[in-house]
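Participant: For reference, the file input_9.pdb (PDB, C-alpha atoms) is included below:
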MODEL        1
ATOM      1  CA  GLU Z 978    -126.346  52.152 -26.937  1.00  0.00           C
ATOM      2  CA  ASN Z 979    -123.563  50.359 -25.072  1.00  0.00           C
ATOM      3  CA  TYR Z 980    -125.697  50.116 -21.945  1.00  0.00           C
ATOM      4  CA  VAL Z 981    -128.615  48.718 -23.956  1.00  0.00           C
ATOM      5  CA  ASN Z 982    -126.379  46.118 -25.600  1.00  0.00           C
ATOM      6  CA  ALA Z 983    -124.857  45.117 -22.260  1.00  0.00           C
ATOM      7  CA  TRP Z 984    -128.322  44.793 -20.716  1.00  0.00           C
ATOM      8  CA  ASN Z 985    -129.961  42.809 -23.520  1.00  0.00           C
ATOM      9  CA  SER Z 986    -127.348  41.098 -25.690  1.00  0.00           C
ATOM     10  CA  VAL Z 987    -125.184  39.768 -22.844  1.00  0.00           C
ATOM     11  CA  ARG Z 988    -128.222  39.102 -20.582  1.00  0.00           C
ATOM     12  CA  LEU Z 989    -126.960  41.304 -17.761  1.00  0.00           C
ATOM     13  CA  GLY Z 990    -130.606  42.012 -16.945  1.00  0.00           C
ATOM     14  CA  ASP Z 991    -131.212  38.318 -16.194  1.00  0.00           C
ATOM     15  CA  TYR Z 992    -128.009  38.079 -14.197  1.00  0.00           C
ATOM     16  CA  ILE Z 993    -128.965  41.119 -12.111  1.00  0.00           C
ATOM     17  CA  ILE Z 994    -132.278  39.474 -11.245  1.00  0.00           C
ATOM     18  CA  ASN Z 995    -130.428  36.307 -10.191  1.00  0.00           C
ATOM     19  CA  SER Z 996    -128.039  38.333  -8.038  1.00  0.00           C
ATOM     20  CA  ILE Z 997    -130.872  40.271  -6.403  1.00  0.00           C
ATOM     21  CA  ILE Z 998    -132.681  37.027  -5.547  1.00  0.00           C
ATOM     22  CA  VAL Z 999    -129.561  35.316  -4.216  1.00  0.00           C
ATOM     23  CA  VAL Z1000    -128.337  38.287  -2.160  1.00  0.00           C
ATOM     24  CA  THR Z1001    -131.756  39.201  -0.732  1.00  0.00           C
ATOM     25  CA  VAL Z1002    -132.723  35.684   0.339  1.00  0.00           C
ATOM     26  CA  SER Z1003    -129.216  34.999   1.675  1.00  0.00           C
ATOM     27  CA  LEU Z1004    -129.270  38.167   3.798  1.00  0.00           C
ATOM     28  CA  ILE Z1005    -132.690  37.367   5.246  1.00  0.00           C
ATOM     29  CA  ILE Z1006    -131.629  33.846   6.243  1.00  0.00           C
ATOM     30  CA  LEU Z1007    -128.242  35.069   7.456  1.00  0.00           C
ATOM     31  CA  MET Z1008    -129.738  37.705   9.755  1.00  0.00           C
ATOM     32  CA  ALA Z1009    -132.370  35.265  11.033  1.00  0.00           C
ATOM     33  CA  VAL Z1010    -129.665  32.778  12.012  1.00  0.00           C
ATOM     34  CA  SER Z1011    -126.876  35.085  13.163  1.00  0.00           C
ATOM     35  CA  ALA Z1012    -128.807  37.599  15.282  1.00  0.00           C
ATOM     36  CA  PRO Z1013    -130.167  35.078  17.842  1.00  0.00           C
ATOM     37  CA  ALA Z1014    -126.796  33.314  17.994  1.00  0.00           C
ATOM     38  CA  ALA Z1015    -124.948  36.584  18.607  1.00  0.00           C
ATOM     39  CA  TYR Z1016    -127.492  37.619  21.254  1.00  0.00           C
ATOM     40  CA  VAL Z1017    -127.091  34.378  23.186  1.00  0.00           C
ATOM     41  CA  LEU Z1018    -123.289  34.491  23.025  1.00  0.00           C
ATOM     42  CA  SER Z1019    -123.145  38.103  24.224  1.00  0.00           C
ATOM     43  CA  ARG Z1020    -125.858  38.151  26.899  1.00  0.00           C
ATOM     44  CA  PHE Z1021    -125.965  34.644  28.421  1.00  0.00           C
ATOM     45  CA  LYS Z1022    -123.311  32.998  30.515  1.00  0.00           C
ATOM     46  CA  PHE Z1023    -123.034  29.231  30.046  1.00  0.00           C
ATOM     47  CA  ARG Z1024    -120.312  26.628  29.991  1.00  0.00           C
ATOM     48  CA  GLY Z1025    -118.498  26.628  26.673  1.00  0.00           C
ATOM     49  CA  ALA Z1026    -119.653  30.084  25.555  1.00  0.00           C
ATOM     50  CA  ALA Z1027    -116.083  31.299  25.102  1.00  0.00           C
ATOM     51  CA  MET Z1028    -115.216  28.171  23.132  1.00  0.00           C
ATOM     52  CA  VAL Z1029    -118.200  28.630  20.822  1.00  0.00           C
ATOM     53  CA  THR Z1030    -117.197  32.247  20.235  1.00  0.00           C
ATOM     54  CA  MET Z1031    -113.654  31.153  19.399  1.00  0.00           C
ATOM     55  CA  VAL Z1032    -115.021  28.625  16.914  1.00  0.00           C
ATOM     56  CA  TYR Z1033    -116.883  31.405  15.115  1.00  0.00           C
ATOM     57  CA  ILE Z1034    -113.748  33.558  15.085  1.00  0.00           C
ATOM     58  CA  ALA Z1035    -111.684  30.636  13.773  1.00  0.00           C
ATOM     59  CA  GLY Z1036    -114.235  30.126  11.013  1.00  0.00           C
ATOM     60  CA  MET Z1037    -113.428  33.600   9.700  1.00  0.00           C
ATOM     61  CA  GLY Z1038    -109.836  32.523   9.012  1.00  0.00           C
ATOM     62  CA  ILE Z1039    -110.578  29.460   6.865  1.00  0.00           C
ATOM     63  CA  PRO Z1040    -109.746  30.119   3.174  1.00  0.00           C
ATOM     64  CA  PHE Z1041    -112.710  29.403   0.922  1.00  0.00           C
ATOM     65  CA  PRO Z1042    -110.699  27.261  -1.574  1.00  0.00           C
ATOM     66  CA  LEU Z1043    -110.109  24.691   1.182  1.00  0.00           C
ATOM     67  CA  LEU Z1044    -113.879  24.179   1.381  1.00  0.00           C
ATOM     68  CA  PHE Z1045    -114.599  23.721  -2.319  1.00  0.00           C
ATOM     69  CA  ILE Z1046    -114.399  19.910  -2.345  1.00  0.00           C
ATOM     70  CA  PRO Z1047    -116.456  19.217   0.833  1.00  0.00           C
ATOM     71  CA  LEU Z1048    -119.029  21.867  -0.110  1.00  0.00           C
ATOM     72  CA  PHE Z1049    -119.336  20.417  -3.597  1.00  0.00           C
ATOM     73  CA  GLY Z1050    -119.932  16.978  -2.087  1.00  0.00           C
ATOM     74  CA  ILE Z1051    -122.536  18.307   0.361  1.00  0.00           C
ATOM     75  CA  LEU Z1052    -124.442  20.216  -2.337  1.00  0.00           C
ATOM     76  CA  THR Z1053    -124.368  17.163  -4.596  1.00  0.00           C
ATOM     77  CA  LEU Z1054    -125.718  15.020  -1.763  1.00  0.00           C
ATOM     78  CA  LEU Z1055    -128.506  17.537  -1.150  1.00  0.00           C
ATOM     79  CA  ARG Z1056    -129.166  17.732  -4.921  1.00  0.00           C
ATOM     80  CA  VAL Z1057    -128.854  21.507  -4.996  1.00  0.00           C
ATOM     81  CA  ILE Z1058    -125.596  21.730  -6.933  1.00  0.00           C
ATOM     82  CA  ASN Z1059    -125.662  24.201  -9.820  1.00  0.00           C
ATOM     83  CA  THR Z1060    -128.794  25.898  -8.460  1.00  0.00           C
ATOM     84  CA  LEU Z1061    -129.481  29.273  -6.889  1.00  0.00           C
ATOM     85  CA  PRO Z1062    -130.729  27.726  -3.590  1.00  0.00           C
ATOM     86  CA  GLY Z1063    -127.472  25.786  -3.355  1.00  0.00           C
ATOM     87  CA  LEU Z1064    -125.465  28.970  -3.871  1.00  0.00           C
ATOM     88  CA  MET Z1065    -127.570  30.712  -1.208  1.00  0.00           C
ATOM     89  CA  LEU Z1066    -126.804  27.883   1.209  1.00  0.00           C
ATOM     90  CA  VAL Z1067    -123.070  28.315   0.587  1.00  0.00           C
ATOM     91  CA  TYR Z1068    -123.245  32.092   0.980  1.00  0.00           C
ATOM     92  CA  VAL Z1069    -125.169  31.878   4.251  1.00  0.00           C
ATOM     93  CA  SER Z1070    -122.986  29.197   5.812  1.00  0.00           C
ATOM     94  CA  LEU Z1071    -119.717  30.950   4.961  1.00  0.00           C
ATOM     95  CA  SER Z1072    -120.988  34.379   6.081  1.00  0.00           C
ATOM     96  CA  ILE Z1073    -122.229  33.280   9.512  1.00  0.00           C
ATOM     97  CA  PRO Z1074    -118.854  33.478  11.368  1.00  0.00           C
ATOM     98  CA  PHE Z1075    -118.183  37.110  10.417  1.00  0.00           C
ATOM     99  CA  THR Z1076    -121.792  38.160  11.003  1.00  0.00           C
ATOM    100  CA  VAL Z1077    -122.038  36.523  14.430  1.00  0.00           C
ATOM    101  CA  PHE Z1078    -118.708  38.020  15.447  1.00  0.00           C
ATOM    102  CA  LEU Z1079    -119.818  41.488  14.332  1.00  0.00           C
ATOM    103  CA  LEU Z1080    -123.255  41.334  15.941  1.00  0.00           C
ATOM    104  CA  THR Z1081    -121.878  39.980  19.217  1.00  0.00           C
ATOM    105  CA  GLY Z1082    -120.104  43.306  19.747  1.00  0.00           C
ATOM    106  CA  PHE Z1083    -123.302  45.248  19.131  1.00  0.00           C
ATOM    107  CA  PHE Z1084    -125.450  43.194  21.492  1.00  0.00           C
ATOM    108  CA  ALA Z1085    -122.751  43.445  24.171  1.00  0.00           C
ATOM    109  CA  THR Z1086    -123.052  47.260  24.173  1.00  0.00           C
ATOM    110  CA  LEU Z1087    -126.802  47.291  24.910  1.00  0.00           C
ATOM    111  CA  PRO Z1088    -127.845  48.257  28.471  1.00  0.00           C
ATOM    112  CA  LYS Z1089    -128.469  45.244  30.644  1.00  0.00           C
ATOM    113  CA  GLU Z1090    -131.057  47.191  32.673  1.00  0.00           C
ATOM    114  CA  LEU Z1091    -133.509  47.168  29.756  1.00  0.00           C
ATOM    115  CA  GLU Z1092    -133.206  43.422  29.531  1.00  0.00           C
ATOM    116  CA  GLU Z1093    -133.793  43.018  33.257  1.00  0.00           C
ATOM    117  CA  ALA Z1094    -136.797  45.365  33.148  1.00  0.00           C
ATOM    118  CA  SER Z1095    -138.452  43.359  30.392  1.00  0.00           C
ATOM    119  CA  LEU Z1096    -137.953  40.144  32.344  1.00  0.00           C
ATOM    120  CA  ILE Z1097    -139.500  41.750  35.441  1.00  0.00           C
ATOM    121  CA  ASP Z1098    -142.503  42.785  33.313  1.00  0.00           C
ATOM    122  CA  GLY Z1099    -143.074  39.153  32.433  1.00  0.00           C
ATOM    123  CA  CYS Z1100    -141.348  38.820  29.061  1.00  0.00           C
ATOM    124  CA  SER Z1101    -139.719  35.537  28.163  1.00  0.00           C
ATOM    125  CA  ASN Z1102    -136.159  35.443  26.859  1.00  0.00           C
ATOM    126  CA  TRP Z1103    -137.458  35.265  23.285  1.00  0.00           C
ATOM    127  CA  GLN Z1104    -139.849  38.183  23.798  1.00  0.00           C
ATOM    128  CA  THR Z1105    -137.045  40.227  25.341  1.00  0.00           C
ATOM    129  CA  PHE Z1106    -134.855  39.534  22.331  1.00  0.00           C
ATOM    130  CA  TRP Z1107    -137.557  40.184  19.728  1.00  0.00           C
ATOM    131  CA  HIS Z1108    -139.290  43.230  21.216  1.00  0.00           C
ATOM    132  CA  VAL Z1109    -136.493  44.964  23.132  1.00  0.00           C
ATOM    133  CA  MET Z1110    -132.953  43.967  22.181  1.00  0.00           C
ATOM    134  CA  LEU Z1111    -133.374  43.372  18.459  1.00  0.00           C
ATOM    135  CA  PRO Z1112    -134.809  46.859  17.713  1.00  0.00           C
ATOM    136  CA  LEU Z1113    -132.023  48.448  19.766  1.00  0.00           C
ATOM    137  CA  ALA Z1114    -129.440  46.519  17.735  1.00  0.00           C
ATOM    138  CA  SER Z1115    -130.886  47.657  14.402  1.00  0.00           C
ATOM    139  CA  PRO Z1116    -127.785  49.797  13.564  1.00  0.00           C
ATOM    140  CA  GLY Z1117    -125.628  46.715  13.990  1.00  0.00           C
ATOM    141  CA  LEU Z1118    -127.979  44.568  11.926  1.00  0.00           C
ATOM    142  CA  LEU Z1119    -127.976  47.186   9.180  1.00  0.00           C
ATOM    143  CA  THR Z1120    -124.175  47.398   9.231  1.00  0.00           C
ATOM    144  CA  ALA Z1121    -123.830  43.624   8.999  1.00  0.00           C
ATOM    145  CA  ALA Z1122    -126.388  43.507   6.184  1.00  0.00           C
ATOM    146  CA  ILE Z1123    -124.537  46.199   4.207  1.00  0.00           C
ATOM    147  CA  PHE Z1124    -121.148  44.530   4.566  1.00  0.00           C
ATOM    148  CA  ASN Z1125    -122.507  41.115   3.644  1.00  0.00           C
ATOM    149  CA  GLY Z1126    -124.696  42.498   0.880  1.00  0.00           C
ATOM    150  CA  ILE Z1127    -121.815  44.252  -0.854  1.00  0.00           C
ATOM    151  CA  GLY Z1128    -119.599  41.204  -0.447  1.00  0.00           C
ATOM    152  CA  LEU Z1129    -122.185  38.772  -1.808  1.00  0.00           C
ATOM    153  CA  TRP Z1130    -123.156  41.097  -4.657  1.00  0.00           C
ATOM    154  CA  ASN Z1131    -119.559  41.195  -5.887  1.00  0.00           C
ATOM    155  CA  GLU Z1132    -118.728  37.567  -5.019  1.00  0.00           C
ATOM    156  CA  TYR Z1133    -117.229  35.634  -7.919  1.00  0.00           C
ATOM    157  CA  GLN Z1134    -115.130  32.676  -6.788  1.00  0.00           C
ATOM    158  CA  LEU Z1135    -117.857  30.608  -5.115  1.00  0.00           C
ATOM    159  CA  ALA Z1136    -120.355  31.306  -7.894  1.00  0.00           C
ATOM    160  CA  LEU Z1137    -117.808  30.174 -10.477  1.00  0.00           C
ATOM    161  CA  VAL Z1138    -117.284  26.852  -8.706  1.00  0.00           C
ATOM    162  CA  PHE Z1139    -120.893  25.978  -7.883  1.00  0.00           C
ATOM    163  CA  ILE Z1140    -122.805  27.476 -10.838  1.00  0.00           C
ATOM    164  CA  ASN Z1141    -122.360  26.068 -14.360  1.00  0.00           C
ATOM    165  CA  ASN Z1142    -125.804  26.657 -15.843  1.00  0.00           C
ATOM    166  CA  PRO Z1143    -125.796  29.957 -17.827  1.00  0.00           C
ATOM    167  CA  ASP Z1144    -129.389  30.595 -16.722  1.00  0.00           C
ATOM    168  CA  ASN Z1145    -128.297  30.624 -13.055  1.00  0.00           C
ATOM    169  CA  ARG Z1146    -125.307  32.924 -13.430  1.00  0.00           C
ATOM    170  CA  THR Z1147    -124.959  35.822 -11.032  1.00  0.00           C
ATOM    171  CA  LEU Z1148    -123.911  39.277 -12.147  1.00  0.00           C
ATOM    172  CA  SER Z1149    -120.215  38.696 -11.476  1.00  0.00           C
ATOM    173  CA  LEU Z1150    -120.219  35.537 -13.610  1.00  0.00           C
ATOM    174  CA  GLY Z1151    -122.133  37.331 -16.347  1.00  0.00           C
ATOM    175  CA  LEU Z1152    -119.560  40.103 -16.392  1.00  0.00           C
ATOM    176  CA  TYR Z1153    -116.752  37.545 -16.607  1.00  0.00           C
ATOM    177  CA  SER Z1154    -118.406  35.751 -19.534  1.00  0.00           C
ATOM    178  CA  MET Z1155    -118.823  39.135 -21.185  1.00  0.00           C
ATOM    179  CA  GLN Z1156    -115.112  39.827 -20.710  1.00  0.00           C
ATOM    180  CA  ASN Z1157    -114.238  36.473 -22.316  1.00  0.00           C
ATOM    181  CA  ALA Z1158    -116.375  37.327 -25.306  1.00  0.00           C
ATOM    182  CA  MET Z1159    -114.391  40.519 -25.844  1.00  0.00           C
ATOM    183  CA  GLN Z1160    -111.491  38.605 -27.400  1.00  0.00           C
ATOM    184  CA  TYR Z1161    -113.797  37.713 -30.291  1.00  0.00           C
ATOM    185  CA  THR Z1162    -115.999  40.814 -30.565  1.00  0.00           C
ATOM    186  CA  GLY Z1163    -113.736  43.596 -29.331  1.00  0.00           C
ATOM    187  CA  ASP Z1164    -116.719  45.437 -27.848  1.00  0.00           C
ATOM    188  CA  TRP Z1165    -114.792  47.061 -25.020  1.00  0.00           C
ATOM    189  CA  PRO Z1166    -117.201  50.005 -24.586  1.00  0.00           C
ATOM    190  CA  GLY Z1167    -119.943  47.429 -23.969  1.00  0.00           C
ATOM    191  CA  LEU Z1168    -117.767  45.740 -21.339  1.00  0.00           C
ATOM    192  CA  PHE Z1169    -117.139  49.032 -19.539  1.00  0.00           C
ATOM    193  CA  ALA Z1170    -120.856  49.777 -19.640  1.00  0.00           C
ATOM    194  CA  GLY Z1171    -121.422  46.391 -17.982  1.00  0.00           C
ATOM    195  CA  VAL Z1172    -118.881  47.259 -15.283  1.00  0.00           C
ATOM    196  CA  VAL Z1173    -120.749  50.492 -14.542  1.00  0.00           C
ATOM    197  CA  ILE Z1174    -124.033  48.571 -14.315  1.00  0.00           C
ATOM    198  CA  VAL Z1175    -122.453  46.237 -11.765  1.00  0.00           C
ATOM    199  CA  MET Z1176    -121.078  49.120  -9.679  1.00  0.00           C
ATOM    200  CA  ILE Z1177    -124.181  51.330  -9.572  1.00  0.00           C
ATOM    201  CA  PRO Z1178    -126.261  49.301  -7.017  1.00  0.00           C
ATOM    202  CA  THR Z1179    -123.477  49.092  -4.425  1.00  0.00           C
ATOM    203  CA  ILE Z1180    -122.573  52.769  -4.837  1.00  0.00           C
ATOM    204  CA  LEU Z1181    -126.198  53.837  -4.398  1.00  0.00           C
ATOM    205  CA  LEU Z1182    -126.574  51.562  -1.387  1.00  0.00           C
ATOM    206  CA  TYR Z1183    -123.525  53.079   0.278  1.00  0.00           C
ATOM    207  CA  ILE Z1184    -124.592  56.663  -0.485  1.00  0.00           C
ATOM    208  CA  ILE Z1185    -128.061  56.078   0.972  1.00  0.00           C
ATOM    209  CA  LEU Z1186    -127.016  54.109   4.051  1.00  0.00           C
ATOM    210  CA  SER Z1187    -123.436  55.286   4.693  1.00  0.00           C
ATOM    211  CA  GLU Z1188    -124.368  57.449   7.693  1.00  0.00           C
ATOM    212  CA  LYS Z1189    -126.219  54.615   9.435  1.00  0.00           C
ATOM    213  CA  MET Z1190    -123.445  52.173   8.627  1.00  0.00           C
ATOM    214  CA  ILE Z1191    -120.747  54.433  10.084  1.00  0.00           C
ATOM    215  CA  SER Z1192    -122.830  55.062  13.208  1.00  0.00           C
ATOM    216  CA  GLY Z1193    -123.320  51.324  13.563  1.00  0.00           C
ATOM    217  CA  ILE Z1194    -119.588  50.666  13.298  1.00  0.00           C
ATOM    218  CA  THR Z1195    -118.765  53.237  15.989  1.00  0.00           C
ATOM    219  CA  MET Z1196    -121.508  51.831  18.198  1.00  0.00           C
ATOM    220  CA  GLY Z1197    -119.928  48.400  18.081  1.00  0.00           C
ATOM    221  CA  ALA Z1198    -116.445  49.797  18.665  1.00  0.00           C
ATOM    222  CA  VAL Z1199    -117.301  51.474  21.983  1.00  0.00           C
ATOM    223  CA  LYS Z1200    -117.326  48.199  23.856  1.00  0.00           C
TER     224      LYS Z1200
ENDMDL
END
If you convert what's in this file into structure tokens, what do you get?
Facilitator:
Amino acid sequence: ENYVNAWNSVRLGDYIINSIIVVTVSLIILMAVSAPAAYVLSRFKFRGAAMVTMVYIAGMGIPFPLLFIPLFGILTLLRVINTLPGLMLVYVSLSIPFTVFLLTGFFATLPKELEEASLIDGCSNWQTFWHVMLPLASPGLLTAAIFNGIGLWNEYQLALVFINNPDNRTLSLGLYSMQNAMQYTGDWPGLFAGVVIVMIPTILLYIILSEKMISGITMGAVK
């Protein structure tokens, strides 16, 4: 009964759908942007490559609260404030430094001979990346997707700042609104049922993909 009330009365079902949409689309865009960037930084030698890599690393150390005001202004200018696409844009942009840094280590461990063989066979740089290097780096891509997926699924601070419309709330915001309502209703079993609902997807994801994720981490650590 508590699970049914948490799903229907507090609209956790709607919030789960919003979170699934936001996390899935954000991960697709994030991987599409970060994988080619990491491949270029790890496999090509050009002037300024080390500086670009350092910029990505420095981006990992910027606290999110320092970016609230400029991000709010940018989203307002783009007219995507208080929308799910705007939140996706924030998630992708702030996740790129970590993802590029992680994937750079994976691409650096791949054998250079395979890359040279594909070029000898007539492949362009893009074909080499798409048909040869990207499939070989699939453990790294999966690891990055799991880390980012769990982080974005549980993310609360950014969603609180950039989402005000109740219809666009993610699961973390829905759980917080449910917790605030407890001071008037006292339905604590319903709140705990909501917490379990939030935890189940990430636990299942880790159980199913934990072996591949651990293998991907060790693969990137060898280099």
Participant: Quick one: of Z:Asn1142, Z:Thr1086, Z:Thr1076, Z:Asn979, who's nearest to Z:Thr1030, counting only C-alpha atoms?
Facilitator: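 The shortest atom-to-atom distance to Z:Thr1030 comes from Z:Thr1076.
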Participant: Quick one: everything within 12 Å of Z:Ser1154, counting all atoms listed in the file, minus sequence neighbours fewer than 3 positions away in the same chain. Send it as a CSV table (one decimal) with C-alpha atoms, keeping the file's coordinate frame.
Facilitator:
chain,number,residue,atom,x,y,z
Z,983,ALA,CA,-124.9,45.1,-22.3
Z,987,VAL,CA,-125.2,39.8,-22.8
Z,988,ARG,CA,-128.2,39.1,-20.6
Z,989,LEU,CA,-127.0,41.3,-17.8
Z,992,TYR,CA,-128.0,38.1,-14.2
Z,1133,TYR,CA,-117.2,35.6,-7.9
Z,1137,LEU,CA,-117.8,30.2,-10.5
Z,1141,ASN,CA,-122.4,26.1,-14.4
Z,1143,PRO,CA,-125.8,30.0,-17.8
Z,1146,ARG,CA,-125.3,32.9,-13.4
Z,1147,THR,CA,-125.0,35.8,-11.0
Z,1148,LEU,CA,-123.9,39.3,-12.1
Z,1149,SER,CA,-120.2,38.7,-11.5
Z,1150,LEU,CA,-120.2,35.5,-13.6
Z,1151,GLY,CA,-122.1,37.3,-16.3
Z,1157,ASN,CA,-114.2,36.5,-22.3
Z,1158,ALA,CA,-116.4,37.3,-25.3
Z,1159,MET,CA,-114.4,40.5,-25.8
Z,1160,GLN,CA,-111.5,38.6,-27.4
Z,1161,TYR,CA,-113.8,37.7,-30.3
Z,1168,LEU,CA,-117.8,45.7,-21.3
Z,1171,GLY,CA,-121.4,46.4,-18.0
Participant: Point out the residue among Z:Cys1100, Z:Ile1073, Z:Met1065, Z:Ala1121 with the least atom-to-atom distance to Z:Ile997, counting all atoms listed in the file.
Facilitator: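 Among Z:Cys1100, Z:Ile1073, Z:Met1065, Z:Ala1121, it is Z:Met1065 that comes nearest to Z:Ile997.
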Participant: Excluding Z:Pro1042 and its own-chain neighbours fewer than 4 positions away, which residues fall within 12 Å of it when counting all atoms listed in the file? Please give them as a PyMOL selection string.
Facilitator: chain Z and resi 1038+1046-1049+1071+1134-1135+1137-1138
Participant: Using the chain letters and numbering of this document, enumerate as an NGL selection string the residues selected by the PyMOL selection byres ((chain Z and resi 1001) around 12).
Facilitator: :Z and (993-1000 or 1002-1008 or 1061-1062 or 1065 or 1068-1069 or 1122-1123 or 1125-1127 or 1129-1130)
Participant: Do you have the atom CA of Z:Val1032-atom CA of Z:Phe1078 distance handy?
Facilitator: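 Going from atom CA of Z:Val1032 over to atom CA of Z:Phe1078, I get 10.2 Å.
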Participant: Residues proximal to (-131.8, 35.3, 15.5) were defined as those with any atom within 12 Å of that point in the file's coordinates, counting only C-alpha atoms. Which are they, as a list in words?
Facilitator: Ile1005, Ile1006, Leu1007, Met1008, Ala1009, Val1010, Ser1011, Ala1012, Pro1013, Ala1014, Ala1015, Tyr1016, Val1017, Leu1018, Ile1073, Thr1076, Val1077, Leu1080, Thr1081, Phe1084, Trp1103, Gln1104, Phe1106, Trp1107, Met1110, Leu1111, Ala1114 and Leu1118 of chain Z
Participant: Keeping only C-alpha atoms, write the selected residues to a file as an mmCIF file, in the frame of the given file.
Facilitator:
data_model
loop_
_atom_site.group_PDB
_atom_site.id
_atom_site.type_symbol
_atom_site.label_atom_id
_atom_site.label_comp_id
_atom_site.auth_asym_id
_atom_site.auth_seq_id
_atom_site.Cartn_x
_atom_site.Cartn_y
_atom_site.Cartn_z
ATOM 1 C CA ILE Z 1005 -132.690 37.367 5.246
ATOM 2 C CA ILE Z 1006 -131.629 33.846 6.243
ATOM 3 C CA LEU Z 1007 -128.242 35.069 7.456
ATOM 4 C CA MET Z 1008 -129.738 37.705 9.755
ATOM 5 C CA ALA Z 1009 -132.370 35.265 11.033
ATOM 6 C CA VAL Z 1010 -129.665 32.778 12.012
ATOM 7 C CA SER Z 1011 -126.876 35.085 13.163
ATOM 8 C CA ALA Z 1012 -128.807 37.599 15.282
ATOM 9 C CA PRO Z 1013 -130.167 35.078 17.842
ATOM 10 C CA ALA Z 1014 -126.796 33.314 17.994
ATOM 11 C CA ALA Z 1015 -124.948 36.584 18.607
ATOM 12 C CA TYR Z 1016 -127.492 37.619 21.254
ATOM 13 C CA VAL Z 1017 -127.091 34.378 23.186
ATOM 14 C CA LEU Z 1018 -123.289 34.491 23.025
ATOM 15 C CA ILE Z 1073 -122.229 33.280 9.512
ATOM 16 C CA THR Z 1076 -121.792 38.160 11.003
ATOM 17 C CA VAL Z 1077 -122.038 36.523 14.430
ATOM 18 C CA LEU Z 1080 -123.255 41.334 15.941
ATOM 19 C CA THR Z 1081 -121.878 39.980 19.217
ATOM 20 C CA PHE Z 1084 -125.450 43.194 21.492
ATOM 21 C CA TRP Z 1103 -137.458 35.265 23.285
ATOM 22 C CA GLN Z 1104 -139.849 38.183 23.798
ATOM 23 C CA PHE Z 1106 -134.855 39.534 22.331
ATOM 24 C CA TRP Z 1107 -137.557 40.184 19.728
ATOM 25 C CA MET Z 1110 -132.953 43.967 22.181
ATOM 26 C CA LEU Z 1111 -133.374 43.372 18.459
ATOM 27 C CA ALA Z 1114 -129.440 46.519 17.735
ATOM 28 C CA LEU Z 1118 -127.979 44.568 11.926
#
Participant: What is the distance, in Å and to one decimal place, between atom CA of Z:Tyr1153 and atom CA of Z:Pro1040?
Facilitator: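 Spanning atom CA of Z:Tyr1153 to atom CA of Z:Pro1040 is a straight-line distance of 22.3 Å.
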Participant: For Z:Phe1083, which residue out of Z:Leu1119, Z:Leu1064, Z:Ile1051, Z:Ile1097 is the nearest one, using all atoms listed in the file?
Facilitator: Z:Leu1119
Participant: Pick the closest to Z:Ile1034 from Z:Gly1082, Z:Pro1074, Z:Pro1116, Z:Pro1178: which is it, counting only C-alpha atoms?
Facilitator: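 Closest to Z:Ile1034, using only C-alpha atoms: Z:Pro1074.
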Participant: May I ask for the distance between atom CA of Z:Ile1058 and atom CA of Z:Phe1139, given in Å to one decimal place?
Facilitator: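 If I compute the distance from atom CA of Z:Ile1058 to atom CA of Z:Phe1139, I get 6.4 Å.
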Participant: Compare Z:Asp1164, Z:Leu1186, Z:Met1031, Z:Arg1020 by their minimum atom-to-atom distance to Z:Pro1088, counting all atoms listed in the file, and give me the closest one.
Facilitator: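 Smallest separation from Z:Pro1088 among the options: Z:Arg1020.
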Participant: Please determine, counting all atoms listed in the file, which residue among Z:Thr1060, Z:Lys1022, Z:Phe1124, Z:Leu1052 has the shortest atom-to-atom distance to Z:Ser1072.
Facilitator: Z:Phe1124
